[in-house]
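These notes concern the structure reproduced below.
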Amino acid sequence: MSCFLINGYPDTRSHTRFSVKFGVVVFPGSNCDEDCRHVLKNVMGQEADFVWHKDRDLSRYDCVVLPGGFSYGDYLRTGAIARFSPVMEAVQKHAERGKLVIGICNGFQILLESGLLPGAMLRNASLKFVCKFVELRVESADSAFTKKTKKGQRLRLPVAHGEGNYFADDEALADLKKNDQILLRYADNPNGSVEDIAGICNKKRNVFGLMPHPERASERELGSVDGRKIFESIVSQ
Amino acid sequence: MKTAEEIKLTPEIIQKHGITPAEYGSIKKILGREPNLTELGIFSVMWSEHCSYKNSKNVLKLLPKDGPRMLVKAGEENAGVVDIGDGLVVVFKMESHNHPSAIEPFQGAATGVGGILRDIFTMGARPIASMNSLRFGKLDDNGNTKRLLSGVVAGISHYGNCIGVPTIGGEIYFDESYEGNPLVNAFALGLARREEIVKAKAEGTGNPVFYLGAATGRDGMGGAAFASKDLSEASEKDRPAVQVGDPFLEKLLLEAVLELLKSGCVVGIQDMGAAGLTCSTCETASRGNTGVEIDVAKVPQRETGMVPYEIMLSESQERMLVILKKGREAEAKRIFEKWDLHAEAIGLVTDDGLMRVKENGVTVSEIPAKKLADDAPVYIREEKEPAYLKSAGNFDPKSLGSAGDLNAVLLKLLDAPSIASKEWVYGQYDHMVRTNTVVLPGSDASVIRIKGTNKSIAISTDGNSTYCYLDPYEGAKIAVAEAARNVACAGAVPLSITNCLNFGNPMNPEIFWTLKKCIEGIRDACLAFETPVSGGNVSLYNQNPKGAIDPTPTIGMVGLIEGREPVTSHFKNEGDVVILLGQTREELGGSEFLKTIFGVKAGVCPRLDLKEAKALNDLMIRLAKENLLASAHDCAEGGLAVALAESCISNKGYEMGAAINVGATPARPAGGRRVAPTDVSTEALLFGESQSRVVISVSPKNLKKAEEVIQSSATPYEVIGKTGGEDLAIQVIHRGLTPIPVRVLSHTWRNAIGRRMRG
């Protein structure tokens, strides 16, 4: 019998030792929080807690996850209100101390709004929400988030967003390239993102934002396990 | 300004409320006096068709509601509850939001999604999947249909994506009868542990009644009454009757309500949907055999100067009525505050059976709750067989002559919006959030797993209104049968259905006749498949100035898969053997082939033999259980040729050809029938829509075993070809299609809707 018998609990756990403690932030309107924690706990075998957006202490976590969703309804602009929530001060400090932060989809938008990553997000070029599997190309394996991949490797992950059209001006783009901060590019750009950018890290390489959802591609029955590569990279610190 | 109590009720005011003189007499009898304006307003919304089912109740009772898995039956609560074993239940329902969507497609569709989700989570179940069943006018050269489709899809996308419930599939048909009166039927399914299910009851005298969520405004005034009228040119003026939705607020409500229910401080809870505060107070009181007293001055309001009449009738969205256990208020308030939600104590449960409405302590309305909620008039409407049925049934498709080049016909069918890929639509819905969607939209049924168990739920929505137009009884039977077949093709055991009955004005005897016939068809099919009706709704008065829509019962079927992976509809491996299950007959009446190629909507629609259908479903489930299927795909609109093409192309990026030759190998008759008899025309073999047929593919190593299983069933079958290559080639006895590259089929099918929407 296949591992489908125990839904979401594949028999081949990548890691059984608690090596990395994850804090998954829950904003009002987050909706991928449970999905992230599920993968981290049940697929990756890691310790993962929810962190309420009003909390201010992240000291017990090695890696903070800002999950997807519509934080505060994404009224005004995606991520624009979430950046002012109490937990984001703690996320800033966490990043300054060199600890890991990963922002997925809405989490990436929040990282941009809060200045932890450069650039901004525009509405998709189609002006429509887009949900589908896309192919990505690893641009740099030199990061805590991509070290288990190889440069040029293809990853198949889903996207699901209305505002994933990444934009940075020429100067910022030159900077990103000079410092090898572009970690993922779309092989078939779904949203009009400048230079097909799908995921970037900061200069210190400890803060990573990406529009695709690795947590949606970490179990065989969901059609791809390529997302695990990202989490495997993080837990192999 | 006069207060509601001072205004004298003239016959004009009463008529404007849609209350007949006889109904007014009943109201006076219930009250023992004349009602005041507020009370008249309350009766008018509760006794509208939308809330009371006064015109349909008498025929709805024909539907079977009992079954060993049914925990809450249709009509008892806001949604049906079905046992799926191991202490788990699913709660699901489908509801229409047709009239609001016709006037304001974005908000109409969005609030339809919001409303059905509230019905699910107020029962204590976490919504885990949404679907929708949509109908529009013809897409070609029609700016209005494009505007409606864009708006409806954007509205569903806006609400569903934000609240984080995946929209995992559904169906869309395009037909001129929906011109100006689109149908938006929203389905939602939730999951709970059996003991977590909460009833919408007001019990325990003295328990506090709380108002939770958005403030009340004048939006949606009399929406239930609005949905119970024909749409007309003047309906544009009803725009204030369309509510505005806030999915973010509903997400907070969802989380808060589930947390609140887990805390155990809730007695009962009900969404303020249609007829708002009125419906939720009198229904909870009626179910609890109690009374409820509220003071409208305590209701949070976002507009000034609202009178009790307006507050009671408003249909502002994202509001709940919560009855708490006395003494647990502080605990509940902590949860409301955690989620930044506004809650106010607005009243108490009483023991006098009255729904009493006060304003600053002064009683403005006092109505026996049970009589208001349950004693709406029930009408037995006149019925008459529609005159058009005779001429439509006499039509012989053979009189049309040749359809010409068969390759061109297949491509035209794949390009028909009702058949074409719906990727343009579901690509705008987040169908993967919650990471349970194991069969994505585009297969016969969508499937979600239940984490931590060996169970998955397969869901399909179906309803072919052309069949129902040509033969309401047979068409409705087919709607249920197709939905059952779709979940069986995924390998699921069909459990139960929900339905939306979308019809025209029931005062028209011909329309009422079709409604009754459709209900009879659903009844007979549900009995045959052992799938009781768990709930649903009725949407009447679906008319535009040109006339009524085609009768459109839509069915949402829920099936259960245990301990195995779901089967999908696309071909998987080169060299697999393709088998056609079921009997093909000379049945072109009502087909998409006639509609698309000849522009004809006539003929005798396919017949459905319920025994044959049930046997096929049982066979599909057995084949899936024994892991013998590489793929399974139902033959539906467009017939065998379209089903084969879809199996070739529906897995984007992994398209695969097939070489098919129907009638070349000896058919294996079961019960003395041949699968493809030689007296059936080529057109009917390729494009006819004979029911109870499935195209499966089987790996060569499983062929022997699969044939044994099939032969032990009552279903006839024929091995018709092999998968592989880059072309689809179909030979049928003497004629056939020249090989078509699958990339051409795929391109046509995949771009049909997007191309028109851009054009």
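Each chain of the structure tokens is named A, B, ... in the order shown, its residues numbered from 1; ligands are numbered from 1 in display order.
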- For chain B, report every residue with an atom at most 7 Å from chain A (counting only C-alpha atoms), formatted as a ChimeraX atom specification. /B:162,164,248,251-252,427-430,433-435,437-438,449-454,563-565
- Enumerate as a ChimeraX atom specification all residues of segment 278-491 of chain B assigned to helix (DSSP H, G or I) by DSSP on the backbone, naming them with the chain letters and numbers the document uses. /B:278-288,296-298,308-313,329-338,369-374,388-393,397-400,406-415,423-426,465-470,472-489
- Message: So that I can check the secondary structure, give me every residue of segment 431-555 of chain B assigned strand (DSSP E) by backbone DSSP, as an MDAnalysis selection string.
- Response: chainID B and resid 437:439 446:449 455:462 493:502 533:539 543:544 547:548 552:555
- Query: So which residues touch Gln270 of chain B within 8 Å, counting only C-alpha atoms, skipping near sequence neighbours fewer than 5 positions away, as number ranges by chain?
  - Reply: B: 119, 122, 200, 280, 284, 320-322
Save out the residues we just selected, N, CA and C atoms, as an mmCIF file, in the first residue's frame.
```
data_model
loop_
_atom_site.group_PDB
_atom_site.id
_atom_site.type_symbol
_atom_site.label_atom_id
_atom_site.label_comp_id
_atom_site.auth_asym_id
_atom_site.auth_seq_id
_atom_site.Cartn_x
_atom_site.Cartn_y
_atom_site.Cartn_z
ATOM 1 N N ASP B 119 -23.088 29.181 6.528
ATOM 2 C CA ASP B 119 -23.989 28.068 6.847
ATOM 3 C C ASP B 119 -23.202 26.857 7.348
ATOM 4 N N THR B 122 -21.168 27.784 10.960
ATOM 5 C CA THR B 122 -22.036 27.945 12.137
ATOM 6 C C THR B 122 -22.528 26.599 12.652
ATOM 7 N N ALA B 200 -28.647 25.270 15.548
ATOM 8 C CA ALA B 200 -29.037 26.683 15.595
ATOM 9 C C ALA B 200 -30.290 26.810 16.454
ATOM 10 N N SER B 280 -32.919 34.908 11.758
ATOM 11 C CA SER B 280 -32.092 34.221 12.746
ATOM 12 C C SER B 280 -32.761 34.197 14.117
ATOM 13 N N THR B 284 -34.162 30.427 15.411
ATOM 14 C CA THR B 284 -33.518 29.821 16.586
ATOM 15 C C THR B 284 -34.540 29.611 17.702
ATOM 16 N N MET B 320 -23.641 37.384 12.766
ATOM 17 C CA MET B 320 -24.089 36.145 13.406
ATOM 18 C C MET B 320 -24.939 36.464 14.618
ATOM 19 N N LEU B 321 -25.852 35.561 14.915
ATOM 20 C CA LEU B 321 -26.602 35.628 16.167
ATOM 21 C C LEU B 321 -26.090 34.466 17.021
ATOM 22 N N VAL B 322 -25.615 34.795 18.215
ATOM 23 C CA VAL B 322 -25.024 33.759 19.070
ATOM 24 C C VAL B 322 -25.768 33.727 20.403
#
```
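Nearest-residue note for Asp576 of chain B: choosing from B:Arg607, B:Lys146, B:Lys65, B:Lys701, the minimum distance belongs to B:Lys701, counting only C-alpha atoms.
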- Message: Restricting the calculation to only C-alpha atoms: of B:Gly124, B:Ala202, B:Ile511, B:Gly80, which residue gets closest to Asp66 of chain B?
- Response: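 Of the candidates, the smallest distance to Asp66 of chain B is held by B:Gly80.
The space between atom CA of Gly327 of chain B and atom CA of Lys262 of chain B spans 16.7 Å.
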- Task: Compare B:Gly754, B:Gly213, B:Gly245, B:Gly108 by their minimum atom-to-atom distance to Pro300 of chain B, counting only C-alpha atoms, and give me the closest one.
- Result: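 Using only C-alpha atoms, the shortest distance to Pro300 of chain B belongs to B:Gly213.
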- Item | Distance criterion (only C-alpha atoms): nearest to Ser101 of chain B out of B:Gly206, B:Gly155, B:Gly291, B:Pro64 | B:Gly155
- Item | Who sits within 8 Å of segment 133-136 of chain B, only C-alpha atoms, same chain under 2 positions skipped, as an NGL selection string | :B and (131 or 138-139 or 145 or 148-149 or 170-176 or 178-187 or 461-462 or 554)
- Message: One decimal, in Å: what's the spacing between atom CA of Tyr467 of chain B and atom CA of Glu382 of chain B?
- Response: 23.1 Å
- Task: Find the distance between atom CA of Pro506 of chain B and atom CA of Arg381 of chain B and write it in Å to one decimal.
- Result: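 Computed distance, atom CA of Pro506 of chain B to atom CA of Arg381 of chain B, equals 7.4 Å.
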For segment 171-183 of chain A, please output as a PDB file with N, CA, C and O atoms, in the first residue's frame all residues within 6 Å (counting only C-alpha atoms; exclusion window: fewer than 4 positions along the same chain).
```pdb
ATOM      1  N   VAL A 138      16.402  27.451 -10.324  1.00  0.00           N
ATOM      2  CA  VAL A 138      17.229  27.914  -9.213  1.00  0.00           C
ATOM      3  C   VAL A 138      18.352  28.770  -9.791  1.00  0.00           C
ATOM      4  O   VAL A 138      19.092  28.321 -10.663  1.00  0.00           O
ATOM      5  N   GLU A 139      18.437  30.018  -9.318  1.00  0.00           N
ATOM      6  CA  GLU A 139      19.471  30.924  -9.828  1.00  0.00           C
ATOM      7  C   GLU A 139      20.711  30.893  -8.953  1.00  0.00           C
ATOM      8  O   GLU A 139      21.807  31.200  -9.397  1.00  0.00           O
ATOM      9  N   SER A 140      20.516  30.579  -7.680  1.00  0.00           N
ATOM     10  CA  SER A 140      21.658  30.494  -6.777  1.00  0.00           C
ATOM     11  C   SER A 140      21.372  29.464  -5.699  1.00  0.00           C
ATOM     12  O   SER A 140      20.323  29.500  -5.059  1.00  0.00           O
ATOM     13  N   GLY A 199      11.862  34.711  -6.490  1.00  0.00           N
ATOM     14  CA  GLY A 199      12.284  34.713  -5.087  1.00  0.00           C
ATOM     15  C   GLY A 199      13.632  35.380  -4.919  1.00  0.00           C
ATOM     16  O   GLY A 199      14.539  35.175  -5.737  1.00  0.00           O
ATOM     17  N   ILE A 200      13.756  36.205  -3.881  1.00  0.00           N
ATOM     18  CA  ILE A 200      15.032  36.885  -3.616  1.00  0.00           C
ATOM     19  C   ILE A 200      15.389  36.789  -2.130  1.00  0.00           C
ATOM     20  O   ILE A 200      14.521  36.558  -1.290  1.00  0.00           O
ATOM     21  N   CYS A 201      16.683  36.978  -1.834  1.00  0.00           N
ATOM     22  CA  CYS A 201      17.084  37.052  -0.428  1.00  0.00           C
ATOM     23  C   CYS A 201      17.727  38.420  -0.180  1.00  0.00           C
ATOM     24  O   CYS A 201      17.974  39.178  -1.115  1.00  0.00           O
TER      25      CYS A 201
END
```
Can you tell me, as a PDB file with all heavy atoms, in the first residue's frame, what residues are no more than 8 Å from Ala198 of chain A when counting only C-alpha atoms, ignoring any on the same chain fewer than 2 positions away?
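Result saved to result01.pdb:
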```pdb
ATOM      1  N   LEU A 136      10.138  26.616 -12.017  1.00  0.00           N
ATOM      2  CA  LEU A 136      11.109  27.615 -11.561  1.00  0.00           C
ATOM      3  C   LEU A 136      12.514  27.130 -11.847  1.00  0.00           C
ATOM      4  O   LEU A 136      12.761  25.931 -11.960  1.00  0.00           O
ATOM      5  CB  LEU A 136      10.967  27.814 -10.047  1.00  0.00           C
ATOM      6  CG  LEU A 136       9.587  28.269  -9.589  1.00  0.00           C
ATOM      7  CD1 LEU A 136       9.372  27.906  -8.145  1.00  0.00           C
ATOM      8  CD2 LEU A 136       9.454  29.760  -9.792  1.00  0.00           C
ATOM      9  N   TYR A 166       6.589  41.154  -9.327  1.00  0.00           N
ATOM     10  CA  TYR A 166       7.699  41.786  -8.608  1.00  0.00           C
ATOM     11  C   TYR A 166       8.308  42.908  -9.431  1.00  0.00           C
ATOM     12  O   TYR A 166       8.518  42.766 -10.633  1.00  0.00           O
ATOM     13  CB  TYR A 166       8.768  40.746  -8.264  1.00  0.00           C
ATOM     14  CG  TYR A 166       9.961  41.343  -7.546  1.00  0.00           C
ATOM     15  CD1 TYR A 166       9.884  41.649  -6.191  1.00  0.00           C
ATOM     16  CD2 TYR A 166      11.150  41.614  -8.225  1.00  0.00           C
ATOM     17  CE1 TYR A 166      10.958  42.225  -5.529  1.00  0.00           C
ATOM     18  CE2 TYR A 166      12.231  42.183  -7.576  1.00  0.00           C
ATOM     19  CZ  TYR A 166      12.131  42.494  -6.222  1.00  0.00           C
ATOM     20  OH  TYR A 166      13.190  43.063  -5.573  1.00  0.00           O
ATOM     21  N   LEU A 183      17.311  34.225  -6.076  1.00  0.00           N
ATOM     22  CA  LEU A 183      17.460  32.775  -5.839  1.00  0.00           C
ATOM     23  C   LEU A 183      16.607  31.947  -6.798  1.00  0.00           C
ATOM     24  O   LEU A 183      16.990  30.863  -7.183  1.00  0.00           O
ATOM     25  CB  LEU A 183      17.088  32.439  -4.390  1.00  0.00           C
ATOM     26  CG  LEU A 183      17.896  33.146  -3.285  1.00  0.00           C
ATOM     27  CD1 LEU A 183      17.546  32.542  -1.921  1.00  0.00           C
ATOM     28  CD2 LEU A 183      19.403  33.041  -3.532  1.00  0.00           C
ATOM     29  N   LEU A 184      15.423  32.482  -7.166  1.00  0.00           N
ATOM     30  CA  LEU A 184      14.528  31.718  -8.046  1.00  0.00           C
ATOM     31  C   LEU A 184      13.989  32.611  -9.150  1.00  0.00           C
ATOM     32  O   LEU A 184      13.627  33.765  -8.911  1.00  0.00           O
ATOM     33  CB  LEU A 184      13.325  31.171  -7.259  1.00  0.00           C
ATOM     34  CG  LEU A 184      13.579  30.151  -6.152  1.00  0.00           C
ATOM     35  CD1 LEU A 184      12.272  29.872  -5.403  1.00  0.00           C
ATOM     36  CD2 LEU A 184      14.142  28.851  -6.723  1.00  0.00           C
ATOM     37  N   ARG A 185      13.914  32.028 -10.357  1.00  0.00           N
ATOM     38  CA  ARG A 185      13.260  32.719 -11.478  1.00  0.00           C
ATOM     39  C   ARG A 185      12.205  31.799 -12.071  1.00  0.00           C
ATOM     40  O   ARG A 185      12.316  30.577 -11.975  1.00  0.00           O
ATOM     41  CB  ARG A 185      14.275  33.072 -12.570  1.00  0.00           C
ATOM     42  CG  ARG A 185      15.057  34.334 -12.308  1.00  0.00           C
ATOM     43  CD  ARG A 185      15.653  34.857 -13.634  1.00  0.00           C
ATOM     44  NE  ARG A 185      16.097  36.230 -13.491  1.00  0.00           N
ATOM     45  CZ  ARG A 185      17.370  36.588 -13.291  1.00  0.00           C
ATOM     46  NH1 ARG A 185      18.321  35.672 -13.206  1.00  0.00           N
ATOM     47  NH2 ARG A 185      17.692  37.855 -13.181  1.00  0.00           N
ATOM     48  N   TYR A 186      11.147  32.393 -12.641  1.00  0.00           N
ATOM     49  CA  TYR A 186      10.133  31.602 -13.349  1.00  0.00           C
ATOM     50  C   TYR A 186      10.687  31.175 -14.703  1.00  0.00           C
ATOM     51  O   TYR A 186      11.291  31.977 -15.406  1.00  0.00           O
ATOM     52  CB  TYR A 186       8.874  32.435 -13.612  1.00  0.00           C
ATOM     53  CG  TYR A 186       8.206  32.958 -12.363  1.00  0.00           C
ATOM     54  CD1 TYR A 186       8.254  34.317 -12.047  1.00  0.00           C
ATOM     55  CD2 TYR A 186       7.500  32.103 -11.510  1.00  0.00           C
ATOM     56  CE1 TYR A 186       7.632  34.809 -10.912  1.00  0.00           C
ATOM     57  CE2 TYR A 186       6.876  32.597 -10.367  1.00  0.00           C
ATOM     58  CZ  TYR A 186       6.951  33.950 -10.075  1.00  0.00           C
ATOM     59  OH  TYR A 186       6.339  34.434  -8.954  1.00  0.00           O
ATOM     60  N   SER A 193       6.409  39.580 -13.605  1.00  0.00           N
ATOM     61  CA  SER A 193       7.512  39.921 -12.724  1.00  0.00           C
ATOM     62  C   SER A 193       8.766  40.343 -13.508  1.00  0.00           C
ATOM     63  O   SER A 193       9.115  39.728 -14.507  1.00  0.00           O
ATOM     64  CB  SER A 193       7.805  38.649 -11.943  1.00  0.00           C
ATOM     65  OG  SER A 193       8.626  38.901 -10.884  1.00  0.00           O
ATOM     66  N   ASP A 196      11.659  37.944 -14.595  1.00  0.00           N
ATOM     67  CA  ASP A 196      11.131  36.625 -14.195  1.00  0.00           C
ATOM     68  C   ASP A 196      11.453  36.270 -12.745  1.00  0.00           C
ATOM     69  O   ASP A 196      11.550  35.092 -12.387  1.00  0.00           O
ATOM     70  CB  ASP A 196      11.671  35.509 -15.109  1.00  0.00           C
ATOM     71  CG  ASP A 196      11.382  35.755 -16.568  1.00  0.00           C
ATOM     72  OD1 ASP A 196      10.310  36.339 -16.849  1.00  0.00           O
ATOM     73  OD2 ASP A 196      12.218  35.379 -17.416  1.00  0.00           O
ATOM     74  N   ILE A 200      13.756  36.205  -3.881  1.00  0.00           N
ATOM     75  CA  ILE A 200      15.032  36.885  -3.616  1.00  0.00           C
ATOM     76  C   ILE A 200      15.389  36.789  -2.130  1.00  0.00           C
ATOM     77  O   ILE A 200      14.521  36.558  -1.290  1.00  0.00           O
ATOM     78  CB  ILE A 200      14.976  38.394  -3.992  1.00  0.00           C
ATOM     79  CG1 ILE A 200      13.823  39.097  -3.245  1.00  0.00           C
ATOM     80  CG2 ILE A 200      14.830  38.585  -5.492  1.00  0.00           C
ATOM     81  CD1 ILE A 200      13.858  40.604  -3.341  1.00  0.00           C
ATOM     82  N   LEU A 210       9.554  34.523  -1.418  1.00  0.00           N
ATOM     83  CA  LEU A 210       9.232  33.912  -2.705  1.00  0.00           C
ATOM     84  C   LEU A 210       7.732  33.874  -2.885  1.00  0.00           C
ATOM     85  O   LEU A 210       6.995  33.759  -1.902  1.00  0.00           O
ATOM     86  CB  LEU A 210       9.825  32.501  -2.833  1.00  0.00           C
ATOM     87  CG  LEU A 210       9.207  31.331  -2.072  1.00  0.00           C
ATOM     88  CD1 LEU A 210       9.779  30.019  -2.588  1.00  0.00           C
ATOM     89  CD2 LEU A 210       9.408  31.417  -0.582  1.00  0.00           C
ATOM     90  N   MET A 211       7.276  34.040  -4.130  1.00  0.00           N
ATOM     91  CA  MET A 211       5.838  33.969  -4.402  1.00  0.00           C
ATOM     92  C   MET A 211       5.330  32.537  -4.461  1.00  0.00           C
ATOM     93  O   MET A 211       4.239  32.263  -3.992  1.00  0.00           O
ATOM     94  CB  MET A 211       5.491  34.725  -5.710  1.00  0.00           C
ATOM     95  CG  MET A 211       5.523  36.240  -5.599  1.00  0.00           C
ATOM     96  SD  MET A 211       4.726  36.911  -4.100  1.00  0.00           S
ATOM     97  CE  MET A 211       2.997  36.540  -4.415  1.00  0.00           C
ATOM     98  N   PRO A 212       6.024  31.570  -5.042  1.00  0.00           N
ATOM     99  CA  PRO A 212       5.493  30.200  -5.095  1.00  0.00           C
ATOM    100  C   PRO A 212       5.393  29.587  -3.694  1.00  0.00           C
ATOM    101  O   PRO A 212       6.030  30.048  -2.752  1.00  0.00           O
ATOM    102  CB  PRO A 212       6.522  29.453  -5.942  1.00  0.00           C
ATOM    103  CG  PRO A 212       7.318  30.488  -6.632  1.00  0.00           C
ATOM    104  CD  PRO A 212       7.317  31.678  -5.740  1.00  0.00           C
TER     105      PRO A 212
END
```
